[in-house]
$ cat target-v5.pdb   # PDB, C-alpha atoms
ATOM      1  CA  MET N  14     -18.216  44.633  -6.435
ATOM      2  CA  ASP N  15     -14.737  46.055  -6.669
ATOM      3  CA  ALA N  16     -12.110  44.107  -8.610
ATOM      4  CA  ASP N  17      -9.735  44.104  -5.631
ATOM      5  CA  SER N  18     -12.321  42.593  -3.305
ATOM      6  CA  TYR N  19     -13.220  39.971  -5.932
ATOM      7  CA  PHE N  20      -9.618  38.853  -6.368
ATOM      8  CA  THR N  21      -9.105  38.907  -2.606
ATOM      9  CA  LYS N  22     -12.012  36.484  -2.214
ATOM     10  CA  VAL N  23     -10.629  34.251  -4.974
ATOM     11  CA  VAL N  24      -7.193  34.136  -3.315
ATOM     12  CA  GLU N  25      -8.786  33.356   0.056
ATOM     13  CA  GLY N  26     -10.676  30.504  -1.589
ATOM     14  CA  TYR N  27      -7.472  29.051  -3.011
ATOM     15  CA  GLU N  28      -5.743  29.369   0.359
ATOM     16  CA  PHE N  29      -8.589  27.474   2.015
ATOM     17  CA  LEU N  30      -8.498  24.761  -0.658
ATOM     18  CA  ILE N  31      -4.747  24.258  -0.264
ATOM     19  CA  ALA N  32      -5.023  24.141   3.536
ATOM     20  CA  PHE N  33      -7.942  21.711   3.367
ATOM     21  CA  LEU N  34      -6.064  19.397   1.000
ATOM     22  CA  SER N  35      -3.092  19.522   3.350
ATOM     23  CA  LEU N  36      -5.210  18.203   6.207
ATOM     24  CA  ILE N  37      -6.851  15.601   3.955
ATOM     25  CA  GLY N  38      -3.395  14.353   2.966
ATOM     26  CA  PHE N  39      -2.336  14.019   6.596
ATOM     27  CA  ILE N  40      -5.537  12.184   7.521
ATOM     28  CA  GLY N  41      -5.053   9.939   4.474
ATOM     29  CA  ILE N  42      -1.619   8.896   5.696
ATOM     30  CA  LEU N  43      -3.042   8.042   9.119
ATOM     31  CA  VAL N  44      -5.906   6.060   7.605
ATOM     32  CA  GLY N  45      -3.543   4.283   5.209
ATOM     33  CA  PHE N  46      -1.247   3.121   8.004
ATOM     34  CA  ALA N  47      -4.250   2.034  10.064
ATOM     35  CA  MET N  48      -5.491   0.033   7.078
ATOM     36  CA  LEU N  49      -2.089  -1.635   6.753
ATOM     37  CA  LEU N  50      -2.315  -2.803  10.341
ATOM     38  CA  VAL N  51      -5.940  -3.943  10.272
ATOM     39  CA  LEU N  52      -6.692  -5.261   6.792
ATOM     40  CA  GLY N  53      -5.726  -8.593   5.414
ATOM     41  CA  ARG N  54      -3.082  -9.379   2.861
ATOM     42  CA  TYR N  55      -5.293  -8.866  -0.183
ATOM     43  CA  ASN N  56      -6.538  -5.388   0.718
ATOM     44  CA  ARG N  57      -3.126  -3.919   1.472
ATOM     45  CA  SER N  58      -2.757  -2.633  -2.081
ATOM     46  CA  ASN N  59      -5.610  -0.198  -1.379
ATOM     47  CA  ALA N  60      -3.825   1.015   1.731
ATOM     48  CA  PHE N  61      -0.632   1.564  -0.243
ATOM     49  CA  LYS N  62      -2.580   3.550  -2.860
ATOM     50  CA  ILE N  63      -4.046   5.791  -0.165
ATOM     51  CA  ILE N  64      -0.616   6.377   1.368
ATOM     52  CA  ILE N  65       0.976   7.203  -1.998
ATOM     53  CA  ILE N  66      -1.818   9.630  -2.948
ATOM     54  CA  SER N  67      -1.614  11.264   0.477
ATOM     55  CA  ILE N  68       2.149  11.706   0.168
ATOM     56  CA  ILE N  69       1.669  13.327  -3.248
ATOM     57  CA  ILE N  70      -0.961  15.691  -1.842
ATOM     58  CA  LEU N  71       1.271  16.598   1.102
ATOM     59  CA  SER N  72       4.251  17.185  -1.160
ATOM     60  CA  LEU N  73       2.173  19.612  -3.233
ATOM     61  CA  THR N  74       0.515  21.471  -0.365
ATOM     62  CA  GLY N  75       2.775  21.011   2.639
ATOM     63  CA  LEU N  76       1.601  19.918   6.064
ATOM     64  CA  ALA N  77       2.416  23.209   7.773
ATOM     65  CA  THR N  78       0.008  25.047   5.455
ATOM     66  CA  GLY N  79      -3.066  23.342   6.890
ATOM     67  CA  ILE N  80      -1.833  23.518  10.456
ATOM     68  CA  ASN N  81      -1.112  27.246  10.247
ATOM     69  CA  TYR N  82      -4.331  28.087   8.362
ATOM     70  CA  PHE N  83      -6.658  26.320  10.793
ATOM     71  CA  HIS N  84      -4.583  27.244  13.892
ATOM     72  CA  ILE N  85      -4.121  23.648  15.031
ATOM     73  CA  GLU N  86      -1.701  23.259  17.917
TER      74      GLU N  86
END

$ encode --input "target-v5.pdb" --output "structure tokens"
Amino acid sequence: MDADSYFTKVVEGYEFLIAFLSLIGFIGILVGFAMLLVLGRYNRSNAFKIIIISIIILSLTGLATGINYFHIE
């Protein structure tokens, strides 16, 4: 295996991971807001945790990264 092809595969793997985390962050925000609407008063702290973690993931990866990588329109 050539070194260039190896590093190309590694970079493609990182690109996929970043794009996947971008979509997971977006889905986490949707699930968190749905939990806020549905769950009772005592379980809302879990929903807030999911929303905060999803915002952190999206701030690191960017939403457009996942949308462009997976060609979602």

$ residues_around --input "target-v5.pdb" --residues "Ala77 in chain N" --least-positions-apart "6" --cutoff "10 Å" --atoms "only C-alpha atoms" --output "ChimeraX atom specification"
/N:32,35-36,71,85

$ resolve_selection --input "target-v5.pdb" --expression "the PyMOL selection byres ((chain N and resi 75) around 10)" --output "list in words"
Ile31, Ala32, Leu34, Ser35, Leu36, Gly38, Phe39, Ile68, Ile69, Ile70, Leu71, Ser72, Leu73, Thr74, Leu76, Ala77, Thr78, Gly79 and Ile80 of chain N

$ atom_distance --input "target-v5.pdb" --atom1 "CA of His84 in chain N" --atom2 "CA of Gly26 in chain N"
17.0 Å

$ residues_around --input "target-v5.pdb" --residues "range 40-47 of chain N" --least-positions-apart "5" --cutoff "9 Å" --atoms "only C-alpha atoms" --output "ChimeraX atom specification"
/N:35,52,59-68

$ atom_distance --input "target-v5.pdb" --atom1 "CA of Tyr82 in chain N" --atom2 "CA of Thr21 in chain N"
16.1 Å

$ atom_distance --input "target-v5.pdb" --atom1 "CA of Phe33 in chain N" --atom2 "CA of Phe20 in chain N"
19.8 Å

$ decode --input "target-v5.pdb" --residues "range 16-45 of chain N" --atoms "N, CA and C atoms" --output "compact mmCIF listing (two decimals), in the first residue's frame"
# COMPACT_ATOMS: atom_id res chain seq x y z
N ALA N 16 1.97 5.12 0.59
CA ALA N 16 1.75 6.02 1.71
C ALA N 16 0.69 7.07 1.38
N ASP N 17 0.65 7.53 0.13
CA ASP N 17 -0.35 8.53 -0.25
C ASP N 17 -1.77 7.95 -0.16
N SER N 18 -1.94 6.73 -0.61
CA SER N 18 -3.28 6.14 -0.55
C SER N 18 -3.69 5.86 0.89
N TYR N 19 -2.72 5.51 1.74
CA TYR N 19 -3.03 5.27 3.16
C TYR N 19 -3.51 6.57 3.81
N PHE N 20 -2.77 7.65 3.62
CA PHE N 20 -3.16 8.91 4.24
C PHE N 20 -4.45 9.47 3.63
N THR N 21 -4.70 9.18 2.37
CA THR N 21 -5.96 9.59 1.76
C THR N 21 -7.12 8.89 2.43
N LYS N 22 -6.97 7.60 2.71
CA LYS N 22 -8.02 6.84 3.40
C LYS N 22 -8.23 7.36 4.82
N VAL N 23 -7.15 7.71 5.51
CA VAL N 23 -7.26 8.23 6.87
C VAL N 23 -8.00 9.56 6.87
N VAL N 24 -7.67 10.44 5.92
CA VAL N 24 -8.35 11.74 5.83
C VAL N 24 -9.82 11.54 5.49
N GLU N 25 -10.14 10.62 4.60
CA GLU N 25 -11.53 10.34 4.27
C GLU N 25 -12.29 9.83 5.49
N GLY N 26 -11.63 9.04 6.31
CA GLY N 26 -12.25 8.55 7.54
C GLY N 26 -12.56 9.68 8.51
N TYR N 27 -11.63 10.61 8.65
CA TYR N 27 -11.87 11.76 9.52
C TYR N 27 -12.99 12.65 8.97
N GLU N 28 -13.04 12.83 7.67
CA GLU N 28 -14.11 13.62 7.07
C GLU N 28 -15.47 12.98 7.35
N PHE N 29 -15.55 11.66 7.21
CA PHE N 29 -16.80 10.96 7.49
C PHE N 29 -17.18 11.12 8.96
N LEU N 30 -16.22 10.98 9.86
CA LEU N 30 -16.50 11.09 11.29
C LEU N 30 -17.02 12.48 11.64
N ILE N 31 -16.41 13.52 11.09
CA ILE N 31 -16.86 14.88 11.36
C ILE N 31 -18.26 15.11 10.80
N ALA N 32 -18.52 14.61 9.60
CA ALA N 32 -19.85 14.78 9.00
C ALA N 32 -20.90 14.00 9.79
N PHE N 33 -20.56 12.82 10.23
CA PHE N 33 -21.49 12.00 11.01
C PHE N 33 -21.82 12.67 12.34
N LEU N 34 -20.80 13.20 13.01
CA LEU N 34 -21.04 13.90 14.28
C LEU N 34 -21.88 15.16 14.07
N SER N 35 -21.72 15.79 12.93
CA SER N 35 -22.54 16.96 12.62
C SER N 35 -24.02 16.58 12.56
N LEU N 36 -24.32 15.50 11.90
CA LEU N 36 -25.72 15.05 11.81
C LEU N 36 -26.24 14.57 13.17
N ILE N 37 -25.39 13.91 13.94
CA ILE N 37 -25.79 13.46 15.28
C ILE N 37 -26.12 14.67 16.17
N GLY N 38 -25.32 15.73 16.05
CA GLY N 38 -25.60 16.94 16.82
C GLY N 38 -26.93 17.57 16.44
N PHE N 39 -27.23 17.61 15.16
CA PHE N 39 -28.50 18.17 14.71
C PHE N 39 -29.67 17.33 15.20
N ILE N 40 -29.56 16.03 15.09
CA ILE N 40 -30.62 15.13 15.56
C ILE N 40 -30.77 15.25 17.08
N GLY N 41 -29.64 15.43 17.79
CA GLY N 41 -29.70 15.61 19.24
C GLY N 41 -30.46 16.85 19.64
N ILE N 42 -30.30 17.93 18.89
CA ILE N 42 -31.06 19.15 19.19
C ILE N 42 -32.55 18.91 18.98
N LEU N 43 -32.90 18.22 17.90
CA LEU N 43 -34.32 17.93 17.66
C LEU N 43 -34.91 17.04 18.75
N VAL N 44 -34.17 16.02 19.14
CA VAL N 44 -34.65 15.12 20.19
C VAL N 44 -34.74 15.85 21.53
N GLY N 45 -33.77 16.72 21.81
CA GLY N 45 -33.80 17.47 23.06
C GLY N 45 -35.00 18.38 23.16
